[in-house]
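Chemist: I am attaching a structure below and will ask some questions about it afterwards.
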Amino acid sequence: MANIIVVGSYVVDLMSRTPHIPSAGETVLGGPFKMGPGGKGGNQAVAAARLDAKVTMLTKVGNDIFGDDALKNFKKEGIVTEYVTRHPDEITGTALIAVDDKSENMIVVSPGACGLITKEDVESARDVFKESDIVLLQLETAIEAVEATINLAHALNKPIILNPAPYQDVSDELLKKVTYLTPNETEAKLLTGVEVTDETSAREASKILLEKGVETVIITLGKQGCFVYDGRDEGRFIKAYEVKAIDTTGAGDAFNGAFATSIADGYSLDEAVNRANAVGALSVTKLGTAISMPYKDELESFLALV
């Protein structure tokens, strides 16, 4: 069984359907409205747990009803909550999400308590890091937490998956400690200055990231699939699966949680990316983020049919 620690965000998703994404100053009548567990860290933890990984979540929530719900949801998913701490003054984070008729989305995240994860919070979980097969994190927390997580995992020789979303500046000193970097095309451009649109530009951006010290780059390009580059060859595209999308929110989180689990379970790089593509595809066929993550039997049934 894969043993994963996820360090990152938990926020409550406040989502409404809308005929179209509002422009500046526009009010749109939408609905229905749904509320549920979210945050990139929380979503990735659920994605991994539903694939039968042992997952420890390290995050921070408020001392409020949303914080209560966070702990209930994590426990329901079988996620270890020993390092889900509660901030006495700050509220649990929220994400305001609009999803239009084309299944495109717009999201505003207010991190709240999870934006206050400290170096000391991370260091308190040192024993869990030691026992873990892989460490998964994102950039939806304070950079202090990101730096502490990468430095601790690297010191313990643990593989690190960094999903650089939402984008924040990350030093080259940190990037050289990252085993797997999983930007989308927007984040790849912000990291390298290269606009990624096809295989040639994806390879160019990936080479720059490897020069910065990253071991393996996986650029996710939505319906095109993923470009995988580790410097051993010219890289390759691994195709996405075609499905009817209902809500694309959380697809990247589904991918990262599944990729972490598959790598920890011993799958090859290409096999792990393929399985992660399948999980991402399955997630967009349902409404919501954490609640849309598929279970292992759904994944295996899907792969058996394609």
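Residues are named by chain letter and number: chains run A, B, ... in the order of the structure tokens, numbers start at 1 in each chain, and ligands are numbered from 1 in the order shown.
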Which polymer residues have any atom within 9 Å of an atom of A:Val61, counting only C-alpha atoms, with same-chain residues fewer than 5 positions away left out, as a ChimeraX atom specification?

Modeler: /A:9-11,66-68,70-71,84-87,90-93,112-114

Chemist: Stretch 40-123 of chain A: which residues are alpha helix (DSSP H) by DSSP, as a PyMOL selection string?

Modeler: chain A and resi 40-49+65-76+119-123

Chemist: Would you save the residues of that selection, restricted to N, CA, C and O atoms, as a short mmCIF file (atom, residue, chain, number, x, y, z; two decimals), in the first residue's frame?

Modeler:
data_model
loop_
_atom_site.label_atom_id
_atom_site.label_comp_id
_atom_site.auth_asym_id
_atom_site.auth_seq_id
_atom_site.Cartn_x
_atom_site.Cartn_y
_atom_site.Cartn_z
N LYS A 40 -6.64 22.36 -2.81
CA LYS A 40 -5.80 21.48 -3.63
C LYS A 40 -5.20 20.35 -2.81
O LYS A 40 -5.16 19.20 -3.24
N GLY A 41 -4.75 20.66 -1.60
CA GLY A 41 -4.20 19.62 -0.75
C GLY A 41 -5.24 18.59 -0.35
O GLY A 41 -5.02 17.38 -0.45
N GLY A 42 -6.39 19.08 0.09
CA GLY A 42 -7.46 18.18 0.50
C GLY A 42 -7.95 17.32 -0.65
O GLY A 42 -8.19 16.11 -0.49
N ASN A 43 -8.10 17.92 -1.83
CA ASN A 43 -8.54 17.16 -3.00
C ASN A 43 -7.54 16.06 -3.36
O ASN A 43 -7.92 14.92 -3.67
N GLN A 44 -6.27 16.40 -3.34
CA GLN A 44 -5.24 15.42 -3.70
C GLN A 44 -5.17 14.30 -2.67
O GLN A 44 -4.96 13.13 -3.03
N ALA A 45 -5.38 14.64 -1.42
CA ALA A 45 -5.40 13.61 -0.37
C ALA A 45 -6.55 12.64 -0.58
O ALA A 45 -6.39 11.42 -0.46
N VAL A 46 -7.72 13.16 -0.90
CA VAL A 46 -8.88 12.31 -1.14
C VAL A 46 -8.66 11.44 -2.38
O VAL A 46 -8.97 10.25 -2.38
N ALA A 47 -8.10 12.03 -3.44
CA ALA A 47 -7.84 11.26 -4.66
C ALA A 47 -6.94 10.07 -4.35
O ALA A 47 -7.19 8.95 -4.83
N ALA A 48 -5.90 10.29 -3.56
CA ALA A 48 -4.98 9.20 -3.22
C ALA A 48 -5.65 8.18 -2.30
O ALA A 48 -5.50 6.96 -2.49
N ALA A 49 -6.40 8.65 -1.32
CA ALA A 49 -7.04 7.74 -0.36
C ALA A 49 -8.05 6.84 -1.05
O ALA A 49 -8.17 5.64 -0.72
N ILE A 65 -17.30 25.78 12.23
CA ILE A 65 -18.08 24.66 11.71
C ILE A 65 -17.46 24.06 10.46
O ILE A 65 -17.52 22.84 10.24
N PHE A 66 -16.81 24.89 9.63
CA PHE A 66 -16.13 24.36 8.45
C PHE A 66 -14.94 23.49 8.86
O PHE A 66 -14.62 22.51 8.19
N GLY A 67 -14.26 23.88 9.94
CA GLY A 67 -13.18 23.05 10.46
C GLY A 67 -13.70 21.71 10.97
O GLY A 67 -13.07 20.67 10.77
N ASP A 68 -14.85 21.73 11.63
CA ASP A 68 -15.49 20.48 12.07
C ASP A 68 -15.76 19.58 10.87
O ASP A 68 -15.48 18.37 10.90
N ASP A 69 -16.32 20.18 9.82
CA ASP A 69 -16.63 19.41 8.62
C ASP A 69 -15.38 18.82 7.98
O ASP A 69 -15.39 17.70 7.46
N ALA A 70 -14.29 19.60 8.00
CA ALA A 70 -13.03 19.13 7.42
C ALA A 70 -12.58 17.83 8.08
O ALA A 70 -12.26 16.84 7.41
N LEU A 71 -12.57 17.82 9.40
CA LEU A 71 -12.13 16.63 10.13
C LEU A 71 -13.06 15.46 9.88
O LEU A 71 -12.61 14.32 9.69
N LYS A 72 -14.35 15.71 9.84
CA LYS A 72 -15.32 14.64 9.55
C LYS A 72 -15.09 14.06 8.17
O LYS A 72 -15.11 12.84 7.98
N ASN A 73 -14.88 14.93 7.19
CA ASN A 73 -14.69 14.47 5.81
C ASN A 73 -13.40 13.67 5.66
O ASN A 73 -13.38 12.63 4.99
N PHE A 74 -12.32 14.15 6.25
CA PHE A 74 -11.06 13.41 6.17
C PHE A 74 -11.19 12.03 6.80
O PHE A 74 -10.75 11.03 6.24
N LYS A 75 -11.81 11.97 7.96
CA LYS A 75 -11.96 10.69 8.64
C LYS A 75 -12.85 9.75 7.85
O LYS A 75 -12.61 8.54 7.78
N LYS A 76 -13.89 10.29 7.23
CA LYS A 76 -14.77 9.48 6.39
C LYS A 76 -14.01 8.86 5.23
O LYS A 76 -14.30 7.72 4.81
N LYS A 119 6.66 26.42 9.55
CA LYS A 119 7.77 25.48 9.53
C LYS A 119 7.67 24.51 10.70
O LYS A 119 7.94 23.31 10.56
N GLU A 120 7.26 25.02 11.86
CA GLU A 120 7.13 24.18 13.06
C GLU A 120 6.05 23.12 12.88
O GLU A 120 6.20 21.98 13.33
N ASP A 121 4.95 23.48 12.20
CA ASP A 121 3.89 22.51 11.91
C ASP A 121 4.44 21.36 11.07
O ASP A 121 4.13 20.18 11.31
N VAL A 122 5.24 21.71 10.07
CA VAL A 122 5.82 20.69 9.19
C VAL A 122 6.81 19.82 9.96
O VAL A 122 6.76 18.59 9.88
N GLU A 123 7.69 20.45 10.72
CA GLU A 123 8.70 19.70 11.46
C GLU A 123 8.08 18.76 12.49
O GLU A 123 8.65 17.71 12.80
#

Chemist: Write out as a PyMOL selection string the residues lying within 7 Å of A:Lys34, counting only C-alpha atoms and excluding same-chain residues fewer than 5 positions away.

Modeler: chain A and resi 14-16

Chemist: Residues of the last selection are to be written out with all heavy atoms, as a tab-separated table (two decimals), in the first residue's frame.

Modeler:
chain	number	residue	atom	x	y	z
A	14	LEU	N	-17.41	26.55	-2.36
A	14	LEU	CA	-18.74	27.16	-2.50
A	14	LEU	C	-18.97	27.34	-3.99
A	14	LEU	O	-18.46	28.28	-4.60
A	14	LEU	CB	-18.80	28.48	-1.75
A	14	LEU	CG	-18.35	28.42	-0.27
A	14	LEU	CD1	-18.24	29.82	0.31
A	14	LEU	CD2	-19.31	27.58	0.53
A	15	MET	N	-19.69	26.41	-4.60
A	15	MET	CA	-19.76	26.33	-6.05
A	15	MET	C	-21.17	26.58	-6.58
A	15	MET	O	-22.14	26.09	-6.02
A	15	MET	CB	-19.29	24.94	-6.51
A	15	MET	CG	-19.13	24.79	-8.03
A	15	MET	SD	-20.66	24.45	-8.94
A	15	MET	CE	-21.06	22.83	-8.34
A	16	SER	N	-21.24	27.35	-7.66
A	16	SER	CA	-22.51	27.56	-8.33
A	16	SER	C	-22.33	27.40	-9.83
A	16	SER	O	-21.32	27.82	-10.40
A	16	SER	CB	-23.06	28.96	-8.04
A	16	SER	OG	-24.30	29.15	-8.69

Chemist: To test your reading of the structure, identify every residue in stretch 44-74 of chain A that backbone DSSP assigns to strand (DSSP E or B), and report it as a VMD selection string.

Modeler: chain A and resid 54 to 62

Chemist: Could you save those same residues with N, CA, C and O atoms as a CSV table (one decimal), in the first residue's frame?

Modeler:
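Dumped everything to out18.csv:
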chain,number,residue,atom,x,y,z
A,54,LYS,N,-2.5,4.8,1.9
A,54,LYS,CA,-2.5,5.4,3.3
A,54,LYS,C,-2.1,6.8,3.2
A,54,LYS,O,-1.0,7.1,2.7
A,55,VAL,N,-2.9,7.7,3.6
A,55,VAL,CA,-2.7,9.2,3.4
A,55,VAL,C,-2.7,9.9,4.7
A,55,VAL,O,-3.7,9.7,5.5
A,56,THR,N,-1.7,10.6,5.0
A,56,THR,CA,-1.6,11.6,6.2
A,56,THR,C,-1.7,13.0,5.6
A,56,THR,O,-1.0,13.4,4.7
A,57,MET,N,-2.7,13.7,6.1
A,57,MET,CA,-2.9,15.1,5.7
A,57,MET,C,-2.3,16.1,6.7
A,57,MET,O,-2.6,16.0,7.9
A,58,LEU,N,-1.5,17.0,6.2
A,58,LEU,CA,-1.0,18.1,7.1
A,58,LEU,C,-1.5,19.4,6.6
A,58,LEU,O,-1.2,19.8,5.5
A,59,THR,N,-2.4,19.9,7.4
A,59,THR,CA,-3.0,21.2,7.0
A,59,THR,C,-3.5,21.9,8.3
A,59,THR,O,-3.3,21.4,9.4
A,60,LYS,N,-4.1,23.1,8.1
A,60,LYS,CA,-4.6,23.8,9.2
A,60,LYS,C,-6.0,24.4,8.8
A,60,LYS,O,-6.2,24.9,7.7
A,61,VAL,N,-7.0,24.2,9.8
A,61,VAL,CA,-8.3,24.7,9.6
A,61,VAL,C,-8.7,25.6,10.8
A,61,VAL,O,-8.0,25.7,11.7
A,62,GLY,N,-9.8,26.3,10.6
A,62,GLY,CA,-10.3,27.2,11.7
A,62,GLY,C,-11.0,26.4,12.8
A,62,GLY,O,-11.4,25.3,12.6

Chemist: Within 7 Å of stretch 160-171 of chain A, counting only C-alpha atoms, which residues show up once you throw out same-chain ones fewer than 3 positions away? Write them as a ChimeraX atom specification, please.

Modeler: /A:134-140,153,174-175,178-183,187

Chemist: Now that the selection is made, can you save its residues with N, CA, C and O atoms as a JSON list (two decimals), in the first residue's frame?

Modeler:
[["chain", "number", "residue", "atom", "x", "y", "z"],
["A", 134, "ILE", "N", 6.33, 8.83, -0.36],
["A", 134, "ILE", "CA", 6.41, 10.00, -1.23],
["A", 134, "ILE", "C", 5.73, 11.18, -0.55],
["A", 134, "ILE", "O", 4.84, 11.00, 0.28],
["A", 135, "VAL", "N", 6.17, 12.39, -0.89],
["A", 135, "VAL", "CA", 5.63, 13.62, -0.31],
["A", 135, "VAL", "C", 5.00, 14.43, -1.43],
["A", 135, "VAL", "O", 5.62, 14.67, -2.46],
["A", 136, "LEU", "N", 3.75, 14.84, -1.22],
["A", 136, "LEU", "CA", 3.00, 15.57, -2.24],
["A", 136, "LEU", "C", 2.60, 16.94, -1.68],
["A", 136, "LEU", "O", 2.05, 17.03, -0.58],
["A", 137, "LEU", "N", 2.88, 18.00, -2.45],
["A", 137, "LEU", "CA", 2.50, 19.33, -2.00],
["A", 137, "LEU", "C", 2.19, 20.23, -3.18],
["A", 137, "LEU", "O", 2.48, 19.89, -4.33],
["A", 138, "GLN", "N", 1.58, 21.37, -2.88],
["A", 138, "GLN", "CA", 1.16, 22.35, -3.88],
["A", 138, "GLN", "C", 1.60, 23.74, -3.38],
["A", 138, "GLN", "O", 2.38, 23.83, -2.45],
["A", 139, "LEU", "N", 1.09, 24.79, -4.00],
["A", 139, "LEU", "CA", 1.47, 26.15, -3.62],
["A", 139, "LEU", "C", 0.28, 26.95, -3.10],
["A", 139, "LEU", "O", 0.28, 28.18, -3.18],
["A", 140, "GLU", "N", -0.72, 26.26, -2.54],
["A", 140, "GLU", "CA", -1.91, 26.95, -2.05],
["A", 140, "GLU", "C", -1.80, 27.23, -0.55],
["A", 140, "GLU", "O", -2.80, 27.31, 0.17],
["A", 153, "ALA", "N", 11.70, 16.85, 3.39],
["A", 153, "ALA", "CA", 11.61, 15.64, 2.56],
["A", 153, "ALA", "C", 12.95, 15.34, 1.89],
["A", 153, "ALA", "O", 13.39, 14.19, 1.82],
["A", 174, "LEU", "N", 15.07, 25.57, -4.30],
["A", 174, "LEU", "CA", 14.03, 24.60, -3.96],
["A", 174, "LEU", "C", 13.75, 23.65, -5.12],
["A", 174, "LEU", "O", 13.59, 22.44, -4.93],
["A", 175, "LEU", "N", 13.68, 24.18, -6.33],
["A", 175, "LEU", "CA", 13.35, 23.36, -7.49],
["A", 175, "LEU", "C", 14.36, 22.22, -7.68],
["A", 175, "LEU", "O", 13.97, 21.12, -8.10],
["A", 178, "VAL", "N", 13.32, 18.97, -6.10],
["A", 178, "VAL", "CA", 12.04, 18.38, -6.49],
["A", 178, "VAL", "C", 12.25, 17.19, -7.42],
["A", 178, "VAL", "O", 12.98, 17.29, -8.41],
["A", 179, "THR", "N", 11.60, 16.09, -7.10],
["A", 179, "THR", "CA", 11.72, 14.88, -7.93],
["A", 179, "THR", "C", 10.80, 14.97, -9.14],
["A", 179, "THR", "O", 11.22, 14.71, -10.27],
["A", 180, "TYR", "N", 9.54, 15.30, -8.91],
["A", 180, "TYR", "CA", 8.55, 15.41, -9.97],
["A", 180, "TYR", "C", 7.86, 16.77, -9.87],
["A", 180, "TYR", "O", 7.29, 17.11, -8.84],
["A", 181, "LEU", "N", 7.91, 17.53, -10.97],
["A", 181, "LEU", "CA", 7.23, 18.83, -11.03],
["A", 181, "LEU", "C", 6.08, 18.70, -12.01],
["A", 181, "LEU", "O", 6.28, 18.24, -13.15],
["A", 182, "THR", "N", 4.86, 19.11, -11.61],
["A", 182, "THR", "CA", 3.68, 18.87, -12.44],
["A", 182, "THR", "C", 2.92, 20.16, -12.76],
["A", 182, "THR", "O", 1.77, 20.33, -12.34],
["A", 183, "PRO", "N", 3.51, 21.07, -13.52],
["A", 183, "PRO", "CA", 2.80, 22.30, -13.88],
["A", 183, "PRO", "C", 1.81, 22.06, -15.02],
["A", 183, "PRO", "O", 1.98, 21.14, -15.82],
["A", 187, "GLU", "N", 1.33, 27.47, -15.71],
["A", 187, "GLU", "CA", 2.39, 27.46, -14.69],
["A", 187, "GLU", "C", 3.76, 27.21, -15.32],
["A", 187, "GLU", "O", 4.76, 27.79, -14.88]]

Chemist: Determine, counting only C-alpha atoms, which protein, DNA and RNA residues have an atom within 10 Å of an atom of A:Gly235; residues of the same chain fewer than 4 positions away are not included. Present the result as a ChimeraX atom specification.

Modeler: /A:199-200,202-203,206-207,217-218,227-231

Chemist: Save out the residues we just selected, N, CA, C and O atoms, as an mmCIF file, in the first residue's frame.

Modeler:
data_model
loop_
_atom_site.group_PDB
_atom_site.id
_atom_site.type_symbol
_atom_site.label_atom_id
_atom_site.label_comp_id
_atom_site.auth_asym_id
_atom_site.auth_seq_id
_atom_site.Cartn_x
_atom_site.Cartn_y
_atom_site.Cartn_z
ATOM 1 N N GLU A 199 4.243 19.948 -28.555
ATOM 2 C CA GLU A 199 5.343 19.115 -28.080
ATOM 3 C C GLU A 199 6.673 19.858 -28.072
ATOM 4 O O GLU A 199 7.463 19.730 -27.131
ATOM 5 N N THR A 200 6.918 20.659 -29.112
ATOM 6 C CA THR A 200 8.188 21.376 -29.201
ATOM 7 C C THR A 200 8.351 22.371 -28.055
ATOM 8 O O THR A 200 9.398 22.421 -27.389
ATOM 9 N N ALA A 202 6.685 22.372 -25.221
ATOM 10 C CA ALA A 202 6.690 21.637 -23.951
ATOM 11 C C ALA A 202 8.085 21.096 -23.657
ATOM 12 O O ALA A 202 8.564 21.145 -22.516
ATOM 13 N N ARG A 203 8.765 20.616 -24.690
ATOM 14 C CA ARG A 203 10.123 20.106 -24.518
ATOM 15 C C ARG A 203 11.073 21.243 -24.132
ATOM 16 O O ARG A 203 11.933 21.081 -23.249
ATOM 17 N N SER A 206 10.464 22.149 -20.545
ATOM 18 C CA SER A 206 10.927 21.068 -19.673
ATOM 19 C C SER A 206 12.439 21.076 -19.528
ATOM 20 O O SER A 206 12.973 20.842 -18.437
ATOM 21 N N LYS A 207 13.137 21.333 -20.615
ATOM 22 C CA LYS A 207 14.596 21.389 -20.559
ATOM 23 C C LYS A 207 15.069 22.492 -19.620
ATOM 24 O O LYS A 207 16.035 22.311 -18.857
ATOM 25 N N VAL A 217 9.871 16.331 -15.247
ATOM 26 C CA VAL A 217 8.822 17.321 -15.473
ATOM 27 C C VAL A 217 7.653 16.648 -16.184
ATOM 28 O O VAL A 217 7.842 15.912 -17.168
ATOM 29 N N ILE A 218 6.456 16.904 -15.686
ATOM 30 C CA ILE A 218 5.234 16.414 -16.324
ATOM 31 C C ILE A 218 4.327 17.611 -16.516
ATOM 32 O O ILE A 218 3.773 18.142 -15.549
ATOM 33 N N PHE A 227 2.909 16.002 -21.251
ATOM 34 C CA PHE A 227 4.246 15.845 -21.812
ATOM 35 C C PHE A 227 5.184 15.460 -20.676
ATOM 36 O O PHE A 227 5.275 16.159 -19.664
ATOM 37 N N VAL A 228 5.874 14.342 -20.845
ATOM 38 C CA VAL A 228 6.739 13.788 -19.802
ATOM 39 C C VAL A 228 8.191 13.899 -20.252
ATOM 40 O O VAL A 228 8.545 13.476 -21.355
ATOM 41 N N TYR A 229 9.026 14.466 -19.383
ATOM 42 C CA TYR A 229 10.430 14.679 -19.757
ATOM 43 C C TYR A 229 11.334 14.486 -18.542
ATOM 44 O O TYR A 229 11.141 15.125 -17.501
ATOM 45 N N ASP A 230 12.285 13.574 -18.672
ATOM 46 C CA ASP A 230 13.249 13.362 -17.589
ATOM 47 C C ASP A 230 14.693 13.464 -18.069
ATOM 48 O O ASP A 230 15.629 13.128 -17.337
ATOM 49 N N GLY A 231 14.884 13.943 -19.310
ATOM 50 C CA GLY A 231 16.216 14.173 -19.834
ATOM 51 C C GLY A 231 16.891 12.943 -20.420
ATOM 52 O O GLY A 231 17.990 13.039 -20.981
#
